[in-house]
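Q: Before anything else, here's the structure in question.
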Amino acid sequence: MAENCTHDCSSCGEDCASRQTDPKDFLEAPHPMSSIKKVIGVASGKGGVGKSMVTSLLAVMLGKKGYRTAILDADITGPSIPKAFGIRGRAVSDEDGIYPAETPDGVSIISANMLLEEETAPVIWRGPMIAGIVKQFWTDVVWSDVDYLFVDMPPGTGDVPITVFQSIPLDGLIVVASPQELVGMVVEKALNMAKTMNVSVTGLIENMSYVQCPDCGRKIPVFGESHIDEIAKDFGLKVLAKMPIDSQLTALCDKGEIEKADVNYLDAACEEIIRVCAL
C-alpha cells in the first residue's frame, strides 16, 4: 500500500498491491447526445513546451484532411486553446447540456475560459474542483459527430492528468517535449505515468528543436543537442515530428488565426494518428 493512502483508487496513480479495481472501472460515459469516434490525449512532463500549439495544429491539420475534429481543453488553470483560435465569449448551454464553440473551419472547442466572465480572470480552484470540471467537459458537453477529439492536458503528473487517464477512454497519447536535457528527464516521467496508467503512447513530438536560417537553410539547435531519439528508442516509440521555432506560427496564435497556418511539420504525426487510431 502506498504511503499516505486514502483508500480512494479513483484519485490515485499508484500501482500498489492493494489496488482492487480495474482502472477501466473509473471511465465516465460521454454525454448521451455525443458522438465521438477516437480520443487522443496530448501531454507533456512540464509546461512551456508548446503542447497547446501542437494540439491546435493537429486538430487543424486533420480537419483539412476531411476529418471532424474537436479539442477538450483540460488545462483548466492555463487555458490557451481559445486564444489560438480567436474564440471569445461564454459557452452556450440548455437543459440538454453544454455546447462547444465552433471555429470558422469547424473545430469544436470547450475550455475553462469559456465559463468565465472575463478571459483574464484567474482560475483559483483546488485540485478536486479542477478535476471535476474536466470530467464535466466529457460528460456534460455535447460533442456532435466528432472523428478525433484531442484532449489538451495540463503538464505534469498530478490530479488532472490522473483524472483524464482514468475518466476518459483515450485511444492514444501524444507526448510533447523540447530539446533540453532536463526536459528529457521530465518526459520520461510522463511516459512512465502513461505506462502505469495503461495508456498507449502513439508517439513523441519535439517542439522548438531548431531555428532554420532564412538565408542558408541551416538548422540551428538553439537549445542544444536533442535527446528525443534516445528517449524514443528506450521506450520503443516513434518520434513523429521535430518542430522548429517558427515566429510566424507564434504570431498566428497570438492573433487567434492558427487555422491559417500553412505548415507541414506534423504531417507524419497526423498519418500515424490515422493509422493507429483508425476510424
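Here, A, B, ... name the chains of the C-alpha cells in the order displayed, residue numbers run from 1 inside each chain, and ligands are numbered from 1 in the same displayed order.
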Considering only strand (DSSP E) as DSSP defines it on the backbone, what residues of segment 110-217 of chain A qualify? List them as a count of residues only.
A: 22
Q: Among segment 85-205 of chain A, which ones does DSSP place in alpha helix (DSSP H), written as an MDAnalysis selection string?
A: chainID A and resid 85 127:139 159:167 181:196
Q: May I ask for the distance between atom CA of Glu272 of chain A and atom CA of Val134 of chain A, given in Å to one decimal place?
A: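 Computing the Euclidean distance for atom CA of Glu272 of chain A and atom CA of Val134 of chain A yields 26.5 Å.
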Q: Residues near segment 148-157 of chain A, anyone? I mean within 7 Å using only C-alpha atoms, not counting same-chain ones fewer than 5 positions away, as a ChimeraX atom specification.
A: /A:36-47,52,55,68-75,162,190,193
Q: List as a ChimeraX atom specification the protein and nucleic acid residues near segment 93-108 of chain A, meaning an atom at most 10 Å away when only C-alpha atoms are counted, but skip any in the same chain fewer than 5 places from it.
A: /A:31-33,56,59-60,62-64,67-72,82,85-88,114,136-137,139-144,146,149,257,259-260
Q: Taking C-alpha atoms for each residue, export the selection above as a PDB file, in the first residue's frame.
A:
ATOM      1  CA  HIS A  31     -22.902  12.861 -22.899  1.00  0.00           C
ATOM      2  CA  PRO A  32     -25.735  10.704 -24.315  1.00  0.00           C
ATOM      3  CA  MET A  33     -26.035  13.038 -27.319  1.00  0.00           C
ATOM      4  CA  SER A  56      -4.251  23.033 -32.079  1.00  0.00           C
ATOM      5  CA  ALA A  59      -6.831  19.405 -34.911  1.00  0.00           C
ATOM      6  CA  VAL A  60      -6.452  21.918 -37.749  1.00  0.00           C
ATOM      7  CA  LEU A  62      -6.672  16.603 -39.538  1.00  0.00           C
ATOM      8  CA  GLY A  63      -9.602  18.913 -40.207  1.00  0.00           C
ATOM      9  CA  LYS A  64      -8.018  19.889 -43.513  1.00  0.00           C
ATOM     10  CA  TYR A  67     -11.989  14.727 -40.517  1.00  0.00           C
ATOM     11  CA  ARG A  68     -14.274  16.320 -37.933  1.00  0.00           C
ATOM     12  CA  THR A  69     -12.037  17.397 -35.059  1.00  0.00           C
ATOM     13  CA  ALA A  70     -12.552  18.833 -31.591  1.00  0.00           C
ATOM     14  CA  ILE A  71     -10.470  19.974 -28.617  1.00  0.00           C
ATOM     15  CA  LEU A  72     -11.289  19.450 -24.953  1.00  0.00           C
ATOM     16  CA  PRO A  82      -9.368  29.717 -27.216  1.00  0.00           C
ATOM     17  CA  PHE A  85      -8.418  30.086 -32.367  1.00  0.00           C
ATOM     18  CA  GLY A  86      -9.678  33.578 -31.574  1.00  0.00           C
ATOM     19  CA  ILE A  87     -12.629  32.320 -29.531  1.00  0.00           C
ATOM     20  CA  ARG A  88     -14.198  34.828 -27.149  1.00  0.00           C
ATOM     21  CA  MET A 114     -15.487  29.920 -21.945  1.00  0.00           C
ATOM     22  CA  GLN A 136     -17.892  17.658 -16.929  1.00  0.00           C
ATOM     23  CA  PHE A 137     -16.241  18.659 -20.209  1.00  0.00           C
ATOM     24  CA  THR A 139     -19.877  14.052 -19.577  1.00  0.00           C
ATOM     25  CA  ASP A 140     -21.908  17.282 -19.924  1.00  0.00           C
ATOM     26  CA  VAL A 141     -20.689  18.708 -23.239  1.00  0.00           C
ATOM     27  CA  VAL A 142     -22.481  17.636 -26.404  1.00  0.00           C
ATOM     28  CA  TRP A 143     -19.750  16.587 -28.837  1.00  0.00           C
ATOM     29  CA  SER A 144     -21.600  16.101 -32.114  1.00  0.00           C
ATOM     30  CA  VAL A 146     -16.512  14.089 -33.891  1.00  0.00           C
ATOM     31  CA  LEU A 149     -11.290  14.591 -30.069  1.00  0.00           C
ATOM     32  CA  GLU A 257      -5.648  32.701 -36.534  1.00  0.00           C
ATOM     33  CA  GLU A 259      -6.301  27.887 -38.759  1.00  0.00           C
ATOM     34  CA  LYS A 260      -4.452  29.978 -41.351  1.00  0.00           C
TER      35      LYS A 260
END
Q: Given only C-alpha atoms as the basis, pick out the residue of A:Leu191, A:Ile109, A:Leu116, A:Val199 nearest to Ser167 of chain A.
A: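 Of the candidates, the smallest distance to Ser167 of chain A is held by A:Val199.
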Q: For atom CA of Ser209 of chain A and atom CA of Val187 of chain A, quote the distance in Å rounded to one decimal.
A: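 Straight-line distance from atom CA of Ser209 of chain A to atom CA of Val187 of chain A works out to 14.9 Å.
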Q: Given only C-alpha atoms as the basis, pick out the residue of A:Ile231, A:Cys216, A:Ile174, A:Leu27 nearest to Cys270 of chain A.
A: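 Answer, going by the shortest atom-to-atom distance: A:Ile174.
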Q: Could you check which of A:Val263, A:Val211, A:Ala131, A:Met185 is closest to His227 of chain A, using only C-alpha atoms?
A: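 Among A:Val263, A:Val211, A:Ala131, A:Met185, it is A:Met185 that comes nearest to His227 of chain A.
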Q: Taking only C-alpha atoms into account, which of A:Val276, A:Ile220, A:Pro244, A:Ala112 comes nearest Asn264 of chain A?
A: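 Ranking A:Val276, A:Ile220, A:Pro244, A:Ala112 by distance to Asn264 of chain A, first place goes to A:Pro244.
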Q: Could you check which of A:Ala261, A:Val222, A:Met197, A:Ile273 is closest to Leu249 of chain A, using only C-alpha atoms?
A: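 For Leu249 of chain A, the nearest of the candidates is A:Ala261.
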